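Visitor: Sharing final.txt (compact mmCIF, C-alpha atoms and all ligand atoms) below.
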```txt
# COMPACT_ATOMS: atom_id res chain seq x y z
CA MET A 1 0.00 0.00 0.00
CA PRO A 2 1.57 3.38 -0.92
CA VAL A 3 -0.07 6.15 1.15
CA ASP A 4 -2.98 5.10 3.37
CA PRO A 5 -6.10 6.21 1.42
CA ARG A 6 -7.62 7.66 4.61
CA ALA A 7 -4.65 10.03 4.89
CA ALA A 8 -4.53 10.78 1.17
CA GLN A 9 -8.20 11.76 1.13
CA GLY A 10 -8.54 13.31 4.60
CA PHE A 11 -5.61 15.73 4.43
CA SER A 12 -5.97 16.70 0.78
CA SER A 13 -9.59 17.74 1.32
CA THR A 14 -8.85 20.01 4.30
CA ALA A 15 -5.41 21.54 3.64
CA ALA A 16 -6.25 25.24 4.11
CA LEU A 17 -8.43 24.60 7.17
CA TYR A 18 -5.81 22.22 8.57
CA ASP A 19 -3.21 24.95 8.34
CA ARG A 20 -5.48 27.50 10.02
CA MET A 21 -6.73 25.31 12.85
CA ARG A 22 -4.14 22.69 13.82
CA PRO A 23 -1.72 23.57 16.62
CA SER A 24 1.97 24.23 16.03
CA TYR A 25 4.79 22.75 18.14
CA PRO A 26 6.64 24.51 20.98
CA ILE A 27 10.06 25.63 19.78
CA GLU A 28 11.62 24.42 23.08
CA ALA A 29 10.48 20.89 22.23
CA VAL A 30 11.98 21.04 18.74
CA ARG A 31 15.19 22.56 20.16
CA ALA A 32 15.44 19.75 22.74
CA ALA A 33 15.10 17.09 20.04
CA ALA A 34 17.57 18.92 17.81
CA ARG A 35 20.13 19.05 20.64
CA ALA A 36 19.66 15.35 21.39
CA LEU A 37 20.18 14.54 17.70
CA GLY A 38 23.19 16.83 17.30
CA VAL A 39 21.32 19.11 14.90
CA GLY A 40 22.57 22.69 14.63
CA VAL A 41 22.84 25.62 12.29
CA THR A 42 24.99 23.72 9.80
CA SER A 43 22.68 20.68 9.67
CA THR A 44 20.26 19.64 6.95
CA VAL A 45 17.07 18.09 8.28
CA LEU A 46 14.17 16.41 6.54
CA ASP A 47 10.63 17.15 7.68
CA LEU A 48 8.95 13.96 6.49
CA ALA A 49 5.13 14.13 6.11
CA ALA A 50 5.52 17.89 6.43
CA GLY A 51 1.91 18.68 5.53
CA THR A 52 1.32 22.44 5.40
CA GLY A 53 4.62 23.13 7.14
CA LYS A 54 3.67 23.55 10.80
CA LEU A 55 6.74 21.68 12.06
CA THR A 56 8.82 22.82 9.06
CA ALA A 57 8.45 26.45 10.17
CA VAL A 58 9.75 25.63 13.66
CA LEU A 59 12.59 23.48 12.29
CA ASP A 60 13.53 26.38 10.03
CA GLU A 61 14.38 28.36 13.19
CA VAL A 62 16.57 25.59 14.57
CA ALA A 63 18.40 23.86 11.71
CA GLY A 64 20.59 25.21 8.91
CA ARG A 65 18.46 23.83 6.10
CA VAL A 66 15.08 22.08 6.03
CA ILE A 67 13.73 19.91 3.25
CA ALA A 68 10.00 19.12 3.36
CA VAL A 69 8.45 15.99 1.85
CA ASP A 70 4.73 15.12 1.73
CA PRO A 71 2.52 13.08 -0.62
CA SER A 72 -0.47 15.47 -0.58
CA PRO A 73 -0.34 18.16 -3.31
CA PRO A 74 -2.87 20.47 -1.55
CA MET A 75 -0.92 20.29 1.74
CA LEU A 76 2.35 21.02 -0.13
CA ASP A 77 0.74 23.97 -1.95
CA VAL A 78 0.02 25.59 1.42
CA LEU A 79 3.56 24.83 2.64
CA ARG A 80 5.13 26.35 -0.48
CA ARG A 81 3.09 29.54 -0.06
CA ARG A 82 3.91 29.96 3.61
CA LEU A 83 7.58 28.89 3.41
CA PRO A 84 8.82 29.83 -0.08
CA GLY A 85 12.47 29.39 0.97
CA VAL A 86 12.04 25.73 1.90
CA ARG A 87 12.67 23.00 -0.66
CA ALA A 88 9.36 21.08 -0.75
CA LEU A 89 9.11 17.75 -2.54
CA ASP A 90 6.30 15.42 -3.42
CA GLY A 91 7.04 12.04 -1.88
CA GLU A 92 6.21 9.55 0.82
CA ALA A 93 7.97 7.81 3.66
CA ALA A 94 8.48 4.57 1.75
CA ALA A 95 9.91 6.37 -1.30
CA ILE A 96 11.76 9.51 -0.18
CA PRO A 97 12.89 11.58 -3.17
CA LEU A 98 16.40 12.22 -1.80
CA PRO A 99 19.81 10.60 -2.36
CA ASP A 100 21.42 8.19 0.10
CA ALA A 101 23.04 9.79 3.18
CA SER A 102 21.79 13.28 2.37
CA VAL A 103 20.27 14.53 5.67
CA ASP A 104 21.55 14.80 9.25
CA ALA A 105 18.20 14.04 10.92
CA ILE A 106 14.58 13.30 10.04
CA PHE A 107 11.69 14.89 11.92
CA VAL A 108 8.13 13.60 11.71
CA GLY A 109 5.29 15.66 13.19
CA GLU A 110 1.93 14.05 13.91
CA ALA A 111 2.41 11.53 11.12
CA LEU A 112 4.56 8.48 11.97
CA HIS A 113 1.35 6.61 12.86
CA TRP A 114 0.42 6.78 9.15
CA PHE A 115 3.61 5.08 7.92
CA ASP A 116 4.01 1.50 6.77
CA LEU A 117 7.20 1.13 8.79
CA GLN A 118 8.33 -2.09 7.17
CA ARG A 119 8.94 -0.03 4.07
CA ALA A 120 9.53 3.38 5.63
CA ALA A 121 12.18 2.43 8.23
CA PRO A 122 14.81 1.23 5.72
CA GLU A 123 14.01 4.19 3.50
CA MET A 124 14.49 6.67 6.35
CA ALA A 125 17.77 4.93 7.23
CA ARG A 126 18.87 5.18 3.58
CA VAL A 127 18.62 8.99 3.43
CA LEU A 128 20.20 9.57 6.86
CA ARG A 129 23.91 10.31 7.10
CA PRO A 130 25.89 8.01 9.42
CA GLY A 131 24.93 8.82 13.03
CA GLY A 132 21.71 10.62 12.03
CA GLY A 133 18.49 9.87 13.93
CA LEU A 134 14.79 10.61 14.11
CA GLY A 135 12.77 13.23 16.01
CA LEU A 136 9.14 12.16 16.42
CA ILE A 137 6.53 14.53 17.80
CA TRP A 138 2.79 14.54 18.42
CA ASN A 139 0.36 16.98 20.07
CA HIS A 140 -2.17 15.04 22.16
CA LEU A 141 -5.36 16.82 23.13
CA ARG A 142 -5.57 16.62 26.93
CA LEU A 143 -8.82 15.08 28.09
CA ASP A 144 -8.49 14.91 31.86
CA GLU A 145 -10.97 16.03 34.54
CA ASP A 146 -9.78 19.64 34.18
CA ALA A 147 -10.57 19.78 30.47
CA ASP A 148 -13.59 21.81 29.39
CA PRO A 149 -16.64 19.48 29.51
CA ARG A 150 -17.56 20.66 26.00
CA VAL A 151 -14.26 19.26 24.71
CA HIS A 152 -15.11 15.91 26.31
CA ALA A 153 -18.61 16.03 24.85
CA VAL A 154 -17.39 16.76 21.32
CA ARG A 155 -14.81 13.96 21.52
CA ASP A 156 -17.51 11.58 22.79
CA LEU A 157 -19.73 12.60 19.88
CA LEU A 158 -16.94 11.89 17.39
CA THR A 159 -15.40 8.77 18.94
CA PRO A 160 -17.68 6.29 17.12
CA TYR A 161 -16.47 7.71 13.81
CA ARG A 162 -12.87 7.36 14.92
CA VAL A 163 -13.48 3.73 15.90
CA ALA A 164 -15.30 3.05 12.61
CA ALA A 165 -12.36 4.51 10.64
CA GLY A 166 -10.13 1.73 12.00
CA GLU A 167 -6.63 1.67 13.44
CA PHE A 168 -3.78 3.73 12.07
CA PRO A 169 -1.05 1.57 10.50
CA SER A 170 1.58 2.34 13.19
CA SER A 171 -0.16 3.95 16.15
CA GLY A 172 1.52 4.27 19.55
CA VAL A 173 5.06 3.57 20.73
CA ALA A 174 4.11 -0.03 21.54
CA VAL A 175 3.63 -0.54 17.80
CA TRP A 176 6.11 1.79 16.12
CA GLY A 177 8.92 1.28 18.69
CA PRO A 178 9.41 -2.45 17.99
CA ARG A 179 8.90 -1.93 14.25
CA LEU A 180 11.74 0.58 14.09
CA VAL A 181 14.00 -1.73 16.13
CA GLU A 182 13.02 -4.81 14.06
CA SER A 183 14.07 -2.97 10.92
CA GLY A 184 17.62 -3.44 12.22
CA ARG A 185 18.37 0.24 11.47
CA PHE A 186 17.29 2.02 14.67
CA ALA A 187 17.75 1.72 18.43
CA ALA A 188 14.91 2.02 20.95
CA GLY A 189 13.57 5.56 21.21
CA ARG A 190 14.18 7.92 24.14
CA ARG A 191 11.28 10.08 25.28
CA LEU A 192 12.01 13.70 26.17
CA ASP A 193 9.99 15.67 28.70
CA VAL A 194 8.29 18.70 27.24
CA ALA A 195 5.87 21.17 28.78
CA ALA A 196 2.24 21.14 27.64
CA HIS A 197 0.95 24.08 25.60
CA GLU A 198 -2.41 25.73 25.02
CA GLN A 199 -4.44 26.75 22.01
CA PRO A 200 -7.18 29.33 22.61
CA LEU A 201 -9.91 29.02 19.98
CA ARG A 202 -13.17 30.72 19.11
CA ALA A 203 -16.13 28.36 19.51
CA ASP A 204 -16.58 27.89 15.74
CA ASP A 205 -12.88 27.31 15.28
CA PHE A 206 -12.91 24.38 17.69
CA VAL A 207 -15.52 22.71 15.47
CA ALA A 208 -13.48 23.64 12.39
CA LEU A 209 -10.45 22.00 14.02
CA ALA A 210 -12.43 18.84 14.71
CA SER A 211 -13.43 18.74 11.04
CA THR A 212 -9.73 18.32 10.11
CA TRP A 213 -9.36 15.12 12.14
CA SER A 214 -9.04 12.49 9.40
CA TRP A 215 -11.93 10.35 10.61
CA VAL A 216 -14.22 13.41 10.48
CA ALA A 217 -12.78 14.83 7.25
CA ASN A 218 -13.43 11.49 5.52
CA LEU A 219 -17.14 11.26 6.42
CA GLU A 220 -19.70 11.53 3.62
CA PRO A 221 -20.65 15.23 3.26
CA GLU A 222 -24.17 14.78 4.66
CA ALA A 223 -23.04 12.79 7.71
CA GLN A 224 -20.22 15.26 8.29
CA ALA A 225 -22.56 18.27 8.13
CA THR A 226 -24.91 16.64 10.64
CA VAL A 227 -22.23 15.71 13.13
CA LEU A 228 -20.55 19.12 12.90
CA MET A 229 -23.91 20.80 13.50
CA LEU A 230 -24.32 18.70 16.67
CA ALA A 231 -20.79 19.65 17.70
CA ARG A 232 -21.64 23.35 17.21
CA GLU A 233 -24.68 22.94 19.45
CA ILE A 234 -22.50 21.38 22.17
CA VAL A 235 -19.85 24.10 21.99
CA GLY A 236 -22.28 27.05 21.95
CA GLY A 237 -20.79 30.51 21.54
CA ARG A 238 -18.08 30.65 24.22
CA PRO A 239 -14.39 30.32 23.25
CA VAL A 240 -12.53 27.11 24.11
CA THR A 241 -8.96 26.68 25.30
CA LEU A 242 -7.37 23.36 24.42
CA THR A 243 -4.37 21.91 26.22
CA TYR A 244 -1.93 19.69 24.35
CA ASP A 245 0.51 17.23 25.90
CA VAL A 246 3.52 16.90 23.65
CA GLU A 247 4.85 13.42 22.97
CA LEU A 248 8.46 13.78 21.81
CA TRP A 249 10.91 10.98 21.03
CA VAL A 250 14.40 10.84 19.64
CA VAL A 251 15.53 7.64 17.98
CA SER A 252 19.20 6.98 17.30
CA PRO A 253 20.56 4.75 14.58
CA ARG A 254 21.41 1.22 15.69
CA PRO A 255 24.98 1.20 16.99
CA GLY A 256 27.58 -0.53 14.80
C1 LIG A 301 -1.59 15.12 10.60
S1 LIG A 301 -0.71 15.60 9.15
C2 LIG A 301 0.81 16.24 9.84
C3 LIG A 301 1.42 17.31 8.96
C4 LIG A 301 2.56 18.08 9.61
N1 LIG A 301 3.70 17.23 9.87
C5 LIG A 301 2.11 18.75 10.89
O1 LIG A 301 2.71 18.49 11.92
O2 LIG A 301 1.15 19.53 10.84
C6 LIG A 301 -0.21 14.06 8.50
C7 LIG A 301 0.58 14.22 7.20
O3 LIG A 301 1.14 12.95 6.89
C8 LIG A 301 1.16 12.82 5.48
N2 LIG A 301 1.30 11.39 5.21
C9 LIG A 301 0.37 10.42 5.35
N3 LIG A 301 0.88 9.24 4.99
C10 LIG A 301 2.17 9.46 4.63
C11 LIG A 301 3.22 8.62 4.16
N4 LIG A 301 3.05 7.32 4.00
N5 LIG A 301 4.41 9.19 3.88
C12 LIG A 301 4.60 10.52 4.05
N6 LIG A 301 3.64 11.36 4.49
C13 LIG A 301 2.44 10.84 4.77
C14 LIG A 301 -0.16 13.45 5.05
O4 LIG A 301 -0.16 13.83 3.69
C15 LIG A 301 -0.25 14.63 6.00
O5 LIG A 301 0.28 15.81 5.43
```
Before anything else, please render the file you have as structure tokens.
Guide:
Amino acid sequence: MPVDPRAAQGFSSTAALYDRMRPSYPIEAVRAAARALGVGVTSTVLDLAAGTGKLTAVLDEVAGRVIAVDPSPPMLDVLRRRLPGVRALDGEAAAIPLPDASVDAIFVGEALHWFDLQRAAPEMARVLRPGGGLGLIWNHLRLDEDADPRVHAVRDLLTPYRVAAGEFPSSGVAVWGPRLVESGRFAAGRRLDVAAHEQPLRADDFVALASTWSWVANLEPEAQATVLMLAREIVGGRPVTLTYDVELWVVSPRPG
């Protein structure tokens, strides 16, 4: 399977809204991963599955040169408009359009769970220079007892659609960790501690954000309109502040 059709469809249909609504990444988190991977101002890094360039923009502040790769033309169009100085290439994790040993590190934001790692792990290892590793980052919406009850209610409303959409190919460290190690190219990952961050949103924008979640974006238009209308009723008119816990890992190449 090349790119999971749920990703190909879901992200291509929402690129502009995705870029407007999805959270960015704290620069301290990206700096911490860069330090751990030995990335500095003379390094070239690949932002793999770069999407509209949310992580690319932060990496651009930290590394010497950033190359962005993504398989979705509409996502890449947004990236090229917002970051005209970044080299942006059409490609996917299992077929990276770069020569062997051409980058010092690879970063993946909110996307490793979409990869077929049996094919992607050797390909990532191919383009890394000797000693180069991976920086893997996700923003997880915090849903604890302190979270706004409307955020809980909207997630509850949407959960059946997430379940119906099925598992991601490589979701969670318990899945992707062993797959990277089994590839023979990478060591076990090391998780870095990073502070949570917040995203204040207008009420409508929270619903717009939810519409970019792949399992909502991929609903038939009528079902999507109905569920988003119900979400709007739950949220009402008051703004919402979301809290994100950052999951950040660095993965070194296998020694020897
Ligand atoms: C949730 S978005 C993340 C985009 C960006 N990294 C960010 O942090 O906002 C997931 C991205 O993964 C890309 N993607 C999905 N499957 C992929 C694959 N097999 N190889 C490379 N990119 C892929 C999609 O096109 C999409 O842009």
Visitor: From the list A:Phe186, A:Tyr244, A:Trp215, A:Tyr25, which residue is nearest A:Leu143 when using all atoms listed in the file?
Guide: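 Once distances to A:Leu143 are computed over all atoms listed in the file, the minimum belongs to A:Tyr244.
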Visitor: Go through the chains and note each residue within 7 Å of ligand LIG 301 (chain A), using all atoms listed in the file, then give the set as a PyMOL selection string.
Guide: chain A and resi 2-4+7-8+11+22+48-55+70-72+75+91-94+108-111+114-116
Visitor: Go ahead and save the picked residues with C-alpha atoms, as a JSON list (two decimals), in the coordinates of the input.
Guide:
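Saved to out-v4.json:
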```json
[["chain", "number", "residue", "atom", "x", "y", "z"],
["A", 2, "PRO", "CA", 1.57, 3.38, -0.92],
["A", 3, "VAL", "CA", -0.07, 6.15, 1.15],
["A", 4, "ASP", "CA", -2.98, 5.10, 3.37],
["A", 7, "ALA", "CA", -4.65, 10.03, 4.89],
["A", 8, "ALA", "CA", -4.53, 10.78, 1.17],
["A", 11, "PHE", "CA", -5.61, 15.73, 4.43],
["A", 22, "ARG", "CA", -4.14, 22.69, 13.82],
["A", 48, "LEU", "CA", 8.95, 13.96, 6.49],
["A", 49, "ALA", "CA", 5.13, 14.13, 6.11],
["A", 50, "ALA", "CA", 5.52, 17.89, 6.43],
["A", 51, "GLY", "CA", 1.91, 18.68, 5.53],
["A", 52, "THR", "CA", 1.32, 22.44, 5.40],
["A", 53, "GLY", "CA", 4.62, 23.13, 7.14],
["A", 54, "LYS", "CA", 3.67, 23.55, 10.80],
["A", 55, "LEU", "CA", 6.74, 21.68, 12.06],
["A", 70, "ASP", "CA", 4.73, 15.12, 1.73],
["A", 71, "PRO", "CA", 2.52, 13.08, -0.62],
["A", 72, "SER", "CA", -0.47, 15.47, -0.58],
["A", 75, "MET", "CA", -0.92, 20.29, 1.74],
["A", 91, "GLY", "CA", 7.04, 12.04, -1.88],
["A", 92, "GLU", "CA", 6.21, 9.55, 0.82],
["A", 93, "ALA", "CA", 7.97, 7.81, 3.66],
["A", 94, "ALA", "CA", 8.48, 4.57, 1.75],
["A", 108, "VAL", "CA", 8.13, 13.60, 11.71],
["A", 109, "GLY", "CA", 5.29, 15.66, 13.19],
["A", 110, "GLU", "CA", 1.93, 14.05, 13.91],
["A", 111, "ALA", "CA", 2.41, 11.53, 11.12],
["A", 114, "TRP", "CA", 0.42, 6.78, 9.15],
["A", 115, "PHE", "CA", 3.61, 5.08, 7.92],
["A", 116, "ASP", "CA", 4.01, 1.50, 6.77]]
```
Visitor: Which residue is closest to A:Gln199? Choose from A:Asn139, A:Gln224, A:Thr159, A:Ser170 and count only C-alpha atoms.
Guide: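 Using only C-alpha atoms, A:Gln199 sits closest to A:Asn139.
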Visitor: Just checking: using only C-alpha atoms, which residue out of A:Leu117, A:Leu37, A:Leu242, A:Ile137 ends up closest to A:His152?
Guide: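 Of A:Leu117, A:Leu37, A:Leu242, A:Ile137, the one nearest A:His152 is A:Leu242, counting only C-alpha atoms.
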Visitor: Nearest residue to A:Leu180 out of A:Glu247, A:Arg254, A:Leu59, A:Pro97, using only C-alpha atoms?
Guide: A:Arg254
Visitor: If we count all atoms listed in the file and set the cut-off at 10 Å, which residues sit around A:Gly38, ignoring sequence neighbours fewer than 2 positions away in its own chain? Please answer as a VMD selection string.
Guide: chain A and resid 32 to 36 40 43 104 to 105 131 to 133
Visitor: Those residues you just picked out, can you put them in a file as a short mmCIF file (atom, residue, chain, number, x, y, z; two decimals), keeping the file's coordinate frame with C-alpha atoms?
Guide:
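Output file selection.cif is given in full below:
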```cif
data_model
loop_
_atom_site.label_atom_id
_atom_site.label_comp_id
_atom_site.auth_asym_id
_atom_site.auth_seq_id
_atom_site.Cartn_x
_atom_site.Cartn_y
_atom_site.Cartn_z
CA ALA A 32 15.44 19.75 22.74
CA ALA A 33 15.10 17.09 20.04
CA ALA A 34 17.57 18.92 17.81
CA ARG A 35 20.13 19.05 20.64
CA ALA A 36 19.66 15.35 21.39
CA GLY A 40 22.57 22.69 14.63
CA SER A 43 22.68 20.68 9.67
CA ASP A 104 21.55 14.80 9.25
CA ALA A 105 18.20 14.04 10.92
CA GLY A 131 24.93 8.82 13.03
CA GLY A 132 21.71 10.62 12.03
CA GLY A 133 18.49 9.87 13.93
#
```
Visitor: In Å, with one decimal, what is the gap from atom CA of A:Val69 to atom CA of A:Arg6?
Guide: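 Computed distance, atom CA of A:Val69 to atom CA of A:Arg6, equals 18.3 Å.
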Visitor: In Å, how far is it from atom CA of A:Ser13 to atom CA of A:Glu222?
Guide: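 One can read the atom CA of A:Ser13 to atom CA of A:Glu222 distance as 15.2 Å.
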Visitor: Skip A:Ala101 itself and residues of its chain fewer than 5 positions away, then list as number ranges by chain all residues within 7 Å of it, counting all atoms listed in the file.
Guide: A: 126-129
Visitor: Quick check, in Å to one decimal: how far apart do atom CA of A:Gly237 and atom CA of A:Glu145 lie?
Guide: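 Between atom CA of A:Gly237 and atom CA of A:Glu145 the gap works out to 21.8 Å.
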Visitor: Measuring between all atoms listed in the file, which one of A:Ser171, A:Thr42, A:Ser252, A:Thr14 shows the shortest distance to A:His113?
Guide: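 That would be A:Ser171, the residue with the smallest distance to A:His113.
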Visitor: Here is a test: counting only C-alpha atoms, which residue of A:Val41, A:Val78, A:Ala125, A:Met229 is nearest to A:Val181?
Guide: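 Selected residue with least distance to A:Val181: A:Ala125.
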Visitor: Neighbouring residues of A:Arg179 were defined as those with any atom within 9 Å, considering only C-alpha atoms; residues of the same chain fewer than 4 positions away were excluded. Please report them as a PyMOL selection string.
Guide: chain A and resi 117-118+121+170+174-175+183
Visitor: Give me the residues within 8 Å of A:Leu83 as a list in words, counting all atoms listed in the file and dropping any in the same chain fewer than 3 places off.
Guide: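 Contacts, in chain order: Gly53, Ala57, Leu79, Arg80 and Val86 of chain A.
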Visitor: Save the residues we just selected, C-alpha atoms, as a short mmCIF file (atom, residue, chain, number, x, y, z; two decimals), in the frame of the given file?
Guide:
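Listed below is the output, result-v1.cif:
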```cif
data_model
loop_
_atom_site.label_atom_id
_atom_site.label_comp_id
_atom_site.auth_asym_id
_atom_site.auth_seq_id
_atom_site.Cartn_x
_atom_site.Cartn_y
_atom_site.Cartn_z
CA GLY A 53 4.62 23.13 7.14
CA ALA A 57 8.45 26.45 10.17
CA LEU A 79 3.56 24.83 2.64
CA ARG A 80 5.13 26.35 -0.48
CA VAL A 86 12.04 25.73 1.90
#
```
Visitor: Can you take stretch 166-189 of chain A from the block and write N, CA and C atoms as a PDB file, in the first residue's frame?
Guide:
```
ATOM      1  N   GLY A 166     -11.138   2.784  11.865  1.00  0.00           N
ATOM      2  CA  GLY A 166     -10.126   1.728  11.998  1.00  0.00           C
ATOM      3  C   GLY A 166      -8.811   2.262  12.532  1.00  0.00           C
ATOM      4  N   GLU A 167      -7.933   1.324  12.858  1.00  0.00           N
ATOM      5  CA  GLU A 167      -6.634   1.672  13.441  1.00  0.00           C
ATOM      6  C   GLU A 167      -5.741   2.371  12.411  1.00  0.00           C
ATOM      7  N   PHE A 168      -4.836   3.204  12.929  1.00  0.00           N
ATOM      8  CA  PHE A 168      -3.775   3.733  12.067  1.00  0.00           C
ATOM      9  C   PHE A 168      -2.753   2.609  11.846  1.00  0.00           C
ATOM     10  N   PRO A 169      -1.999   2.673  10.759  1.00  0.00           N
ATOM     11  CA  PRO A 169      -1.054   1.573  10.496  1.00  0.00           C
ATOM     12  C   PRO A 169       0.003   1.386  11.595  1.00  0.00           C
ATOM     13  N   SER A 170       0.460   2.463  12.223  1.00  0.00           N
ATOM     14  CA  SER A 170       1.583   2.340  13.188  1.00  0.00           C
ATOM     15  C   SER A 170       1.343   3.250  14.391  1.00  0.00           C
ATOM     16  N   SER A 171       0.229   3.033  15.079  1.00  0.00           N
ATOM     17  CA  SER A 171      -0.156   3.954  16.147  1.00  0.00           C
ATOM     18  C   SER A 171       0.436   3.563  17.495  1.00  0.00           C
ATOM     19  N   GLY A 172       1.063   4.494  18.180  1.00  0.00           N
ATOM     20  CA  GLY A 172       1.520   4.266  19.550  1.00  0.00           C
ATOM     21  C   GLY A 172       2.915   3.654  19.582  1.00  0.00           C
ATOM     22  N   VAL A 173       3.675   4.049  20.614  1.00  0.00           N
ATOM     23  CA  VAL A 173       5.061   3.571  20.730  1.00  0.00           C
ATOM     24  C   VAL A 173       5.134   2.047  20.856  1.00  0.00           C
ATOM     25  N   ALA A 174       4.094   1.438  21.400  1.00  0.00           N
ATOM     26  CA  ALA A 174       4.115  -0.027  21.539  1.00  0.00           C
ATOM     27  C   ALA A 174       4.107  -0.706  20.170  1.00  0.00           C
ATOM     28  N   VAL A 175       3.620   0.005  19.163  1.00  0.00           N
ATOM     29  CA  VAL A 175       3.626  -0.541  17.796  1.00  0.00           C
ATOM     30  C   VAL A 175       4.856  -0.051  17.025  1.00  0.00           C
ATOM     31  N   TRP A 176       5.029   1.292  16.973  1.00  0.00           N
ATOM     32  CA  TRP A 176       6.111   1.787  16.117  1.00  0.00           C
ATOM     33  C   TRP A 176       7.496   1.536  16.711  1.00  0.00           C
ATOM     34  N   GLY A 177       7.598   1.506  18.060  1.00  0.00           N
ATOM     35  CA  GLY A 177       8.916   1.282  18.687  1.00  0.00           C
ATOM     36  C   GLY A 177       9.538  -0.031  18.213  1.00  0.00           C
ATOM     37  N   PRO A 178       8.847  -1.176  18.447  1.00  0.00           N
ATOM     38  CA  PRO A 178       9.408  -2.450  17.989  1.00  0.00           C
ATOM     39  C   PRO A 178       9.611  -2.508  16.474  1.00  0.00           C
ATOM     40  N   ARG A 179       8.723  -1.862  15.722  1.00  0.00           N
ATOM     41  CA  ARG A 179       8.897  -1.934  14.254  1.00  0.00           C
ATOM     42  C   ARG A 179      10.181  -1.232  13.811  1.00  0.00           C
ATOM     43  N   LEU A 180      10.486  -0.101  14.446  1.00  0.00           N
ATOM     44  CA  LEU A 180      11.738   0.581  14.090  1.00  0.00           C
ATOM     45  C   LEU A 180      12.935  -0.282  14.472  1.00  0.00           C
ATOM     46  N   VAL A 181      12.884  -0.893  15.672  1.00  0.00           N
ATOM     47  CA  VAL A 181      14.005  -1.727  16.128  1.00  0.00           C
ATOM     48  C   VAL A 181      14.142  -2.964  15.229  1.00  0.00           C
ATOM     49  N   GLU A 182      12.980  -3.584  14.905  1.00  0.00           N
ATOM     50  CA  GLU A 182      13.020  -4.807  14.063  1.00  0.00           C
ATOM     51  C   GLU A 182      13.568  -4.531  12.662  1.00  0.00           C
ATOM     52  N   SER A 183      13.513  -3.286  12.244  1.00  0.00           N
ATOM     53  CA  SER A 183      14.066  -2.965  10.916  1.00  0.00           C
ATOM     54  C   SER A 183      15.578  -3.181  10.914  1.00  0.00           C
ATOM     55  N   GLY A 184      16.174  -3.244  12.130  1.00  0.00           N
ATOM     56  CA  GLY A 184      17.624  -3.436  12.221  1.00  0.00           C
ATOM     57  C   GLY A 184      18.394  -2.141  12.017  1.00  0.00           C
ATOM     58  N   ARG A 185      17.673  -1.019  11.787  1.00  0.00           N
ATOM     59  CA  ARG A 185      18.368   0.243  11.469  1.00  0.00           C
ATOM     60  C   ARG A 185      18.358   1.229  12.628  1.00  0.00           C
ATOM     61  N   PHE A 186      17.443   1.024  13.607  1.00  0.00           N
ATOM     62  CA  PHE A 186      17.290   2.019  14.666  1.00  0.00           C
ATOM     63  C   PHE A 186      17.318   1.373  16.046  1.00  0.00           C
ATOM     64  N   ALA A 187      17.785   2.162  17.034  1.00  0.00           N
ATOM     65  CA  ALA A 187      17.754   1.717  18.432  1.00  0.00           C
ATOM     66  C   ALA A 187      16.382   2.061  19.021  1.00  0.00           C
ATOM     67  N   ALA A 188      16.163   1.644  20.280  1.00  0.00           N
ATOM     68  CA  ALA A 188      14.913   2.019  20.953  1.00  0.00           C
ATOM     69  C   ALA A 188      14.888   3.534  21.138  1.00  0.00           C
ATOM     70  N   GLY A 189      13.692   4.108  21.072  1.00  0.00           N
ATOM     71  CA  GLY A 189      13.568   5.560  21.213  1.00  0.00           C
ATOM     72  C   GLY A 189      13.772   6.018  22.652  1.00  0.00           C
TER      73      GLY A 189
END
```
